[in-house]
$ cat target-v5.txt   # compact mmCIF, C-alpha atoms
# COMPACT_ATOMS: atom_id res chain seq x y z
CA MET A 272 -7.68 38.72 39.38
CA GLY A 273 -7.04 35.39 37.73
CA GLY A 274 -7.44 34.66 34.03
CA ARG A 275 -8.15 38.18 32.75
CA GLU A 276 -6.45 40.09 29.97
CA HIS A 277 -3.63 42.37 31.07
CA SER A 278 -5.49 45.49 29.93
CA GLN A 279 -8.23 45.95 32.50
CA SER A 280 -11.29 48.15 32.15
CA ASP A 281 -12.23 50.66 34.83
CA GLU A 282 -15.03 48.35 35.95
CA GLU A 283 -12.68 45.40 36.26
CA PHE A 284 -10.16 47.48 38.16
CA ALA A 285 -12.86 48.74 40.57
CA ALA A 286 -13.90 45.14 41.27
CA ASP A 287 -10.31 44.04 41.76
CA ILE A 288 -9.38 46.84 44.14
CA HIS A 289 -12.56 46.25 46.16
CA GLU A 290 -11.70 42.56 46.44
CA PHE A 291 -8.12 43.37 47.42
CA ARG A 292 -9.09 45.88 50.09
CA GLN A 293 -11.57 43.44 51.56
CA LEU A 294 -8.59 41.23 52.36
CA LEU A 295 -7.20 44.11 54.40
CA ARG A 296 -10.46 45.04 56.12
CA THR A 297 -11.00 41.46 57.23
CA ARG A 298 -7.34 41.04 58.24
CA ASP A 299 -7.01 38.05 55.89
CA ARG A 300 -3.24 37.75 55.96
CA GLU A 301 -3.16 34.47 54.07
CA GLY A 302 -5.37 35.93 51.36
CA LEU A 303 -3.14 39.00 51.15
CA GLU A 304 0.02 36.92 50.83
CA SER A 305 -1.66 34.74 48.21
CA ALA A 306 -2.71 37.79 46.20
CA LEU A 307 0.78 39.29 46.31
CA SER A 308 2.25 35.95 45.19
CA ASN A 309 -0.21 35.64 42.28
CA PRO A 310 1.71 35.90 38.96
CA GLU A 311 -1.35 37.52 37.41
CA LEU A 312 -1.09 40.49 39.79
CA TYR A 313 2.58 40.84 38.91
CA ARG A 314 1.83 40.86 35.18
CA LEU A 315 -0.93 43.41 35.66
CA ALA A 316 1.33 45.58 37.80
CA CYS A 317 3.97 45.58 35.05
CA ASP A 318 1.43 46.84 32.51
CA ASP A 319 -0.81 49.06 34.65
CA ASP A 320 0.35 51.53 37.30
CA ARG A 321 -3.00 51.20 39.05
CA TYR A 322 -2.24 47.57 39.87
CA LEU A 323 1.28 48.46 40.90
CA GLY A 324 -0.29 50.85 43.40
CA ILE A 325 -2.53 48.05 44.72
CA ALA A 326 0.47 45.77 45.15
CA MET A 327 2.44 48.43 47.01
CA GLN A 328 -0.51 49.11 49.33
CA GLY A 329 -0.68 45.41 50.11
CA ILE A 330 3.06 45.32 50.77
CA SER A 331 2.69 48.30 53.12
CA ALA A 332 0.07 46.38 55.13
CA LEU A 333 1.98 43.09 55.13
CA ALA A 334 5.08 44.87 56.45
CA TRP A 335 3.52 45.21 59.91
CA ASP A 336 3.05 41.43 60.25
CA GLU A 337 5.69 39.91 57.99
CA PRO A 338 8.40 42.50 57.25
CA ALA A 339 10.77 39.98 55.63
CA LYS A 340 8.12 38.78 53.18
CA ALA A 341 7.01 42.37 52.52
CA SER A 342 10.60 43.30 51.69
CA GLU A 343 10.84 40.41 49.22
CA HIS A 344 7.60 41.44 47.51
CA LEU A 345 8.78 45.06 47.35
CA VAL A 346 11.95 44.09 45.50
CA HIS A 347 9.98 41.70 43.27
CA PHE A 348 7.39 44.27 42.17
CA ASP A 349 9.73 47.26 41.98
CA VAL A 350 11.48 46.16 38.79
CA HIS A 351 12.34 49.76 37.87
CA ARG A 352 13.67 50.64 41.37
CA SER A 353 11.13 53.43 41.61
CA ARG A 354 11.43 53.23 45.42
CA GLU A 355 14.32 55.63 44.95
CA GLN A 356 12.01 58.21 43.32
CA PRO A 357 10.20 60.69 45.61
CA GLY A 358 6.45 60.32 45.55
CA SER A 359 6.37 56.89 43.91
CA ASP A 360 4.14 54.08 45.17
CA ALA A 361 7.23 51.96 45.79
CA ARG A 362 8.88 54.75 47.79
CA ARG A 363 5.79 55.03 50.00
CA ALA A 364 5.76 51.25 50.50
CA ALA A 365 9.45 51.30 51.44
CA ARG A 366 8.82 54.00 54.02
CA ALA A 367 5.87 52.06 55.43
CA LEU A 368 8.16 49.04 55.77
CA LEU A 369 10.71 51.10 57.71
CA ALA A 370 7.94 52.50 59.94
CA ALA A 371 6.67 48.99 60.68
CA LEU A 372 10.18 47.79 61.52
CA GLU A 373 10.73 50.71 63.87
CA TRP A 374 7.40 49.99 65.60
CA LYS A 375 8.60 46.42 66.26
CA GLN A 376 11.94 47.69 67.53
CA LEU A 377 10.32 50.16 69.92
CA ALA A 378 7.97 47.45 71.18
CA ALA A 379 10.92 45.19 71.94
CA HIS A 380 13.44 47.65 73.34
CA THR A 381 11.53 50.48 75.05
CA THR A 382 9.04 50.96 77.85
CA LEU A 383 6.51 52.62 75.56
CA PRO A 384 3.04 51.10 76.16
CA MET A 385 2.80 49.60 72.68
CA GLN A 386 0.35 46.94 73.85
CA GLN A 387 -2.19 49.67 74.58
CA MET A 388 -1.82 51.08 71.07
CA GLU A 389 -3.35 48.23 69.03
CA ALA A 390 -6.01 50.52 67.58
CA LEU A 391 -3.29 52.92 66.45
CA ARG A 392 -1.13 50.12 65.06
CA GLU A 393 -3.99 48.70 63.01
CA PHE A 394 -4.86 52.16 61.73
CA LEU A 395 -1.28 52.87 60.64
CA GLN A 396 -1.00 49.45 59.03
CA LEU A 397 -4.04 49.94 56.79
CA GLN A 398 -3.92 53.70 56.25
CA PRO A 399 -1.92 53.62 52.98
CA ALA A 400 -4.58 51.38 51.40
CA LEU A 401 -7.74 52.67 53.11
CA ALA A 402 -7.03 56.40 53.21
CA ASN A 403 -10.16 57.14 51.18
CA ASP A 404 -12.39 54.84 53.23
CA SER A 405 -14.59 57.07 55.38
CA SER A 406 -15.10 54.34 57.99
CA HIS A 407 -11.40 53.66 58.42
CA GLY A 408 -10.18 55.35 61.57
CA ALA A 409 -13.56 55.70 63.27
CA SER A 410 -12.67 53.29 66.08
CA LEU A 411 -9.32 55.01 66.59
CA GLN A 412 -10.99 58.41 66.80
CA ALA A 413 -13.37 57.12 69.45
CA ASP A 414 -10.51 55.59 71.45
CA MET A 415 -8.44 58.79 71.27
CA GLN A 416 -11.33 60.89 72.50
CA ALA A 417 -12.05 58.42 75.30
CA HIS A 418 -8.41 58.19 76.43
CA PRO A 419 -6.64 61.45 75.44
CA GLU A 420 -4.04 61.24 78.22
CA ARG A 421 -3.00 57.74 77.17
CA TYR A 422 -2.35 58.87 73.61
CA LEU A 423 -0.66 62.06 74.73
CA ASP A 424 1.75 60.12 76.95
CA PHE A 425 2.43 57.62 74.17
CA PHE A 426 3.13 60.24 71.51
CA GLU A 427 5.27 62.22 73.92
CA GLY A 428 7.42 59.13 74.44
CA LEU A 429 7.41 58.31 70.74
CA ALA A 430 8.58 61.83 69.87
CA GLN A 431 11.55 61.37 72.22
CA GLN A 432 12.50 57.78 71.40
CA GLY A 433 11.39 57.37 67.80
CA HIS A 434 13.44 58.16 64.73
CA GLY A 435 11.75 57.91 61.34
CA LEU A 436 8.40 56.65 62.66
CA PRO A 437 7.19 59.98 64.13
CA GLU A 438 7.99 61.79 60.88
CA TRP A 439 6.28 59.06 58.84
CA ILE A 440 3.14 59.44 60.95
CA ILE A 441 3.11 63.21 60.47
CA ASN A 442 3.61 62.83 56.72
CA LEU A 443 0.51 60.62 56.50
CA ALA A 444 -1.48 63.81 56.94
CA ALA A 445 0.22 65.34 53.86
CA PRO A 446 1.41 68.44 55.75
CA THR A 447 2.11 71.67 53.96
CA SER A 448 5.69 72.65 53.30
CA LYS A 449 7.40 75.19 55.49
CA ASP A 450 6.99 77.80 52.76
CA GLU A 451 3.26 77.20 52.37
CA PRO A 452 0.90 79.16 54.69
CA ILE A 453 -0.52 76.56 57.05
CA ILE A 454 -3.57 78.55 58.12
CA GLU A 455 -4.79 78.70 54.54
CA SER A 456 -4.57 74.91 54.37
CA LEU A 457 -7.03 74.47 57.25
CA SER A 458 -10.74 74.01 56.72
CA LYS A 459 -13.23 76.58 57.99
CA SER A 460 -14.20 74.31 60.86
CA GLN A 461 -10.56 73.89 61.84
CA VAL A 462 -9.93 77.63 61.77
CA GLY A 463 -13.06 78.18 63.86
CA ALA A 464 -11.97 75.57 66.40
CA LEU A 465 -8.48 77.05 66.56
CA SER A 466 -9.79 80.56 67.10
CA MET A 467 -12.15 79.39 69.83
CA ALA A 468 -9.41 77.46 71.62
CA VAL A 469 -7.08 80.48 71.68
CA VAL A 470 -9.85 82.76 72.94
CA GLU A 471 -10.77 80.32 75.70
CA LEU A 472 -7.14 79.99 76.76
CA ARG A 473 -6.64 83.75 76.74
CA GLU A 474 -9.63 84.23 79.04
CA GLN A 475 -8.62 81.35 81.29
CA LEU A 476 -5.08 82.64 81.71
CA ALA A 477 -6.30 86.19 82.35
CA ARG A 478 -8.41 84.96 85.29
CA GLY A 479 -5.36 83.61 87.11
CA LEU A 480 -4.68 85.31 90.47
CA SER A 481 -1.08 84.14 90.84
CA ARG A 482 0.46 87.15 89.14
CA TYR A 483 -1.42 89.52 91.47
CA VAL A 484 -0.26 87.51 94.49
CA LEU A 485 3.28 87.70 93.11
CA GLY A 486 3.02 91.45 92.72
CA LEU A 487 1.93 91.91 96.33
CA SER A 488 4.69 89.56 97.55
CA VAL A 489 7.37 91.42 95.65
CA LEU A 490 6.03 94.78 96.81
CA GLY A 491 5.95 93.59 100.42
CA THR A 492 9.51 92.29 100.21
CA VAL A 493 10.81 95.59 98.88
CA ILE A 494 8.90 97.57 101.54
CA PHE A 495 10.08 95.49 104.48
CA LEU A 496 13.60 94.97 103.10
CA PRO A 497 14.41 98.20 101.26
CA ASN A 498 18.00 97.21 100.59
CA ALA A 499 20.10 95.06 98.29
CA LEU A 500 18.98 91.88 100.05
CA GLY A 501 15.32 92.76 99.56
CA ILE A 502 15.85 93.47 95.87
CA LEU A 503 17.76 90.20 95.47
CA ILE A 504 14.95 88.23 97.14
CA ALA A 505 12.38 89.97 94.92
CA LEU A 506 14.35 89.08 91.79
CA VAL A 507 14.65 85.44 92.89
CA MET A 508 10.89 85.36 93.51
CA LEU A 509 10.24 86.76 90.05
CA ALA A 510 12.54 84.24 88.39
CA ALA A 511 10.99 81.32 90.28
CA PHE A 512 7.49 82.49 89.48
CA PHE A 513 8.06 82.85 85.77
CA THR A 514 9.87 79.52 85.52
CA LEU A 515 7.60 77.37 87.67
CA GLY A 516 4.42 79.33 87.02
CA GLU A 517 4.79 79.18 83.25
CA ARG A 518 5.48 75.45 83.33
CA LYS A 519 2.48 74.81 85.58
CA SER A 520 0.19 76.98 83.46
CA TYR A 521 1.25 75.19 80.31
CA GLU A 522 0.82 71.69 81.72
CA GLU A 523 -2.46 72.37 83.56
CA ILE A 524 -4.21 74.94 81.38
CA VAL A 525 -2.74 75.38 77.91
CA ARG A 526 -1.70 71.87 76.92
CA PRO A 527 -4.96 70.05 77.83
CA ARG A 528 -6.93 72.48 75.65
CA LEU A 529 -4.50 72.06 72.75
CA VAL A 530 -4.69 68.27 73.10
CA LYS A 531 -8.45 68.52 72.75
CA LEU A 532 -7.99 70.73 69.68
CA ALA A 533 -5.55 68.27 68.11
CA ILE A 534 -7.68 65.18 68.72
CA GLU A 535 -11.08 66.61 67.84
CA HIS A 536 -10.07 68.85 64.94
CA GLY A 537 -6.67 67.69 63.71
CA VAL A 538 -4.99 71.04 64.44
CA GLY A 539 -1.40 70.75 65.63
CA ALA A 540 1.28 72.88 67.26
CA ARG A 541 2.51 74.50 64.06
CA ALA A 542 -0.92 75.88 63.22
CA VAL A 543 -1.42 77.17 66.77
CA VAL A 544 1.92 79.00 66.77
CA THR A 545 1.24 80.48 63.33
CA TRP A 546 -2.13 81.73 64.57
CA ILE A 547 -0.55 83.28 67.66
CA TYR A 548 2.05 85.11 65.57
CA LYS A 549 -0.60 86.27 63.12
CA LEU A 550 -2.99 87.53 65.82
CA ARG A 551 -0.66 88.10 68.75
CA ARG A 552 -2.77 90.87 70.27
CA GLN A 553 -5.89 88.69 70.30
CA ALA A 554 -3.89 85.78 71.74
CA GLY A 555 -3.04 87.68 74.92
CA ARG A 556 -1.01 85.66 77.42
CA VAL A 557 -1.24 82.57 75.23
CA ALA A 558 1.55 84.11 73.15
CA GLN A 559 4.07 83.66 75.98
CA PHE A 560 3.88 79.88 75.45
CA ASP A 561 4.79 80.00 71.76
CA ILE A 562 8.15 78.24 72.18
CA LYS A 563 6.70 75.51 74.40
CA ILE A 564 3.89 74.89 71.91
CA GLU A 565 6.24 74.90 68.93
CA ASN A 566 8.46 72.26 70.55
CA ASP A 567 5.56 70.05 71.63
CA ARG A 568 5.87 67.33 68.97
CA ALA A 569 3.25 65.18 70.69
CA LEU A 570 0.61 67.74 69.64
CA ASP A 571 1.61 67.42 65.99
CA LEU A 572 1.54 63.61 66.18
CA LEU A 573 -1.91 63.69 67.77
CA ALA A 574 -3.14 66.11 65.12
CA ALA A 575 -1.68 64.09 62.24
CA VAL A 576 -3.33 60.86 63.37
CA SER A 577 -6.60 62.63 64.08
CA GLN A 578 -6.59 64.38 60.72
CA THR A 579 -5.90 61.21 58.76
CA SER A 580 -8.51 59.27 60.73
CA GLY A 581 -11.24 61.66 59.65
CA SER A 582 -11.18 64.60 62.10
CA GLY A 583 -11.10 68.20 60.96
CA ALA A 584 -12.55 67.52 57.52

$ encode --input "target-v5.txt" --output "structure tokens"
Amino acid sequence: MGGREHSQSDEEFAADIHEFRQLLRTRDREGLESALSNPELYRLACDDDRYLGIAMQGISALAWDEPAKASEHLVHFDVHRSREQPGSDARRAARALLAALEWKQLAAHTTLPMQQMEALREFLQLQPALANDSSHGASLQADMQAHPERYLDFFEGLAQQGHGLPEWIINLAAPTSKDEPIIESLSKSQVGALSMAVVELREQLARGLSRYVLGLSVLGTVIFLPNALGILIALVMLAAFFTLGERKSYEEIVRPRLVKLAIEHGVGARAVVTWIYKLRRQAGRVAQFDIKIENDRALDLLAAVSQTSGSGA
């Protein structure tokens, strides 16, 4: 980027951005810091929004290793304070900086297994710059599919202990707004995977014998104790069954299948619940878990990471 005119051609820009992103792919932190400190990049960024975008992507990556330096570069490049404008490159870089700082804070002050999440950390660090790189995220996808429980446990803890970081991760997937139909935003393969998952769960839940055992138990109680005590015992049995049985069915049957759906196809809790409401009759007993699914933020975090790392395309 040194010694060129400030007005760059498309060819020159393509060469520059390739060179810049190579610094990120090879984890060349010194090269990245040198590029961000280059006065030529600053002059180009002042004249060309494309170069400002490059600088902000580099700042987003540097934030995970050197947050103080990244903050200085952000202020230096953002001469128009566009970080206060929604959707601007500077605003995205500022949010990436906050996400990186929160990651460090969680690593230092919580029991979350951050040391086991290096693949995720590296992915999040480079995602703003390498979002269009088809190879970026491949190693993370493989690790998630090999260790789904590890990622589920991590995201469950992150959803409970995190603040802005979980929301930042979900926003990486560019989710639809609450007013936009989420099913229509899914690809055909995602819709097919979602439909298949719900059908499989419906059939699996229908095969359960526990409700028939409950029915016989309640009937036997009422027959042998045909009085107020018998009715009271039957009601207690019903309450215990629906509370404990529903929780067990969700943890052992429903959730593992939805984790698989989220990791392999990038389909999260919101889409599943929308599908259930849309086709409640076809969902069968799956519909009784709508509230549990809707509140399962770990599923949405899994889906967001999976979607941005190349799943569900």

$ residues_around --input "target-v5.txt" --residues "Leu312 (chain A)" --least-positions-apart "4" --cutoff "8 Å" --atoms "all atoms listed in the file" --output "list in words"
Met272, Ala306, Leu307, Ser308, Ala316, Tyr322 and Ala326 of chain A

$ residues_around --input "target-v5.txt" --residues "region 347-361 of chain A" --least-positions-apart "6" --cutoff "12 Å" --atoms "only C-alpha atoms" --output "PyMOL selection string"
chain A and resi 307-310+312-318+320-331+340-341+367-368+399-400+442+445

$ closest_residue --input "target-v5.txt" --among "A:Gln553, A:Ser410, A:Thr545, A:Thr382" --to "Gly428 (chain A)" --atoms "all atoms listed in the file"
A:Thr382

$ residues_around --input "target-v5.txt" --residues "Ala569 (chain A)" --least-positions-apart "6" --cutoff "12 Å" --atoms "only C-alpha atoms" --output "ChimeraX atom specification"
/A:419-433,437-438,440-441,526-527,529-530,533-534,538-541,563,575-576

$ write_last_selection --input "target-v5.txt" --atoms "C-alpha atoms" --output "CSV table (one decimal), keeping the file's coordinate frame"
chain,number,residue,atom,x,y,z
A,419,PRO,CA,-6.6,61.4,75.4
A,420,GLU,CA,-4.0,61.2,78.2
A,421,ARG,CA,-3.0,57.7,77.2
A,422,TYR,CA,-2.4,58.9,73.6
A,423,LEU,CA,-0.7,62.1,74.7
A,424,ASP,CA,1.8,60.1,77.0
A,425,PHE,CA,2.4,57.6,74.2
A,426,PHE,CA,3.1,60.2,71.5
A,427,GLU,CA,5.3,62.2,73.9
A,428,GLY,CA,7.4,59.1,74.4
A,429,LEU,CA,7.4,58.3,70.7
A,430,ALA,CA,8.6,61.8,69.9
A,431,GLN,CA,11.6,61.4,72.2
A,432,GLN,CA,12.5,57.8,71.4
A,433,GLY,CA,11.4,57.4,67.8
A,437,PRO,CA,7.2,60.0,64.1
A,438,GLU,CA,8.0,61.8,60.9
A,440,ILE,CA,3.1,59.4,61.0
A,441,ILE,CA,3.1,63.2,60.5
A,526,ARG,CA,-1.7,71.9,76.9
A,527,PRO,CA,-5.0,70.0,77.8
A,529,LEU,CA,-4.5,72.1,72.8
A,530,VAL,CA,-4.7,68.3,73.1
A,533,ALA,CA,-5.6,68.3,68.1
A,534,ILE,CA,-7.7,65.2,68.7
A,538,VAL,CA,-5.0,71.0,64.4
A,539,GLY,CA,-1.4,70.8,65.6
A,540,ALA,CA,1.3,72.9,67.3
A,541,ARG,CA,2.5,74.5,64.1
A,563,LYS,CA,6.7,75.5,74.4
A,575,ALA,CA,-1.7,64.1,62.2
A,576,VAL,CA,-3.3,60.9,63.4

$ atom_distance --input "target-v5.txt" --atom1 "CA of Ala371 (chain A)" --atom2 "CA of Trp335 (chain A)"
5.0 Å

$ residues_around --input "target-v5.txt" --residues "Phe291 (chain A)" --least-positions-apart "3" --cutoff "8 Å" --atoms "only C-alpha atoms" --output "VMD selection string"
chain A and resid 287 to 288 294 to 295 303 306 325

$ closest_residue --input "target-v5.txt" --among "A:Gln396, A:Asn566, A:Asn403, A:Gln559" --to "Arg473 (chain A)" --atoms "only C-alpha atoms"
A:Gln559

$ atom_distance --input "target-v5.txt" --atom1 "CA of Glu373 (chain A)" --atom2 "CA of Leu345 (chain A)"
17.6 Å

$ atom_distance --input "target-v5.txt" --atom1 "CA of Gln386 (chain A)" --atom2 "CA of Asp336 (chain A)"
14.9 Å

$ residues_around --input "target-v5.txt" --residues "Ala370 (chain A)" --least-positions-apart "5" --cutoff "7 Å" --atoms "all atoms listed in the file" --output "PyMOL selection string"
chain A and resi 435-436+439

$ write_last_selection --input "target-v5.txt" --atoms "C-alpha atoms" --output "short mmCIF file (atom, residue, chain, number, x, y, z; two decimals), in the frame of the given file"
data_model
loop_
_atom_site.label_atom_id
_atom_site.label_comp_id
_atom_site.auth_asym_id
_atom_site.auth_seq_id
_atom_site.Cartn_x
_atom_site.Cartn_y
_atom_site.Cartn_z
CA GLY A 435 11.75 57.91 61.34
CA LEU A 436 8.40 56.65 62.66
CA TRP A 439 6.28 59.06 58.84
#

$ closest_residue --input "target-v5.txt" --among "A:Glu535, A:Asp299, A:Asp281, A:Glu471" --to "Leu570 (chain A)" --atoms "all atoms listed in the file"
A:Glu535

$ closest_residue --input "target-v5.txt" --among "A:Ser406, A:Gln412, A:Thr297, A:Ser466" --to "Ala390 (chain A)" --atoms "all atoms listed in the file"
A:Gln412
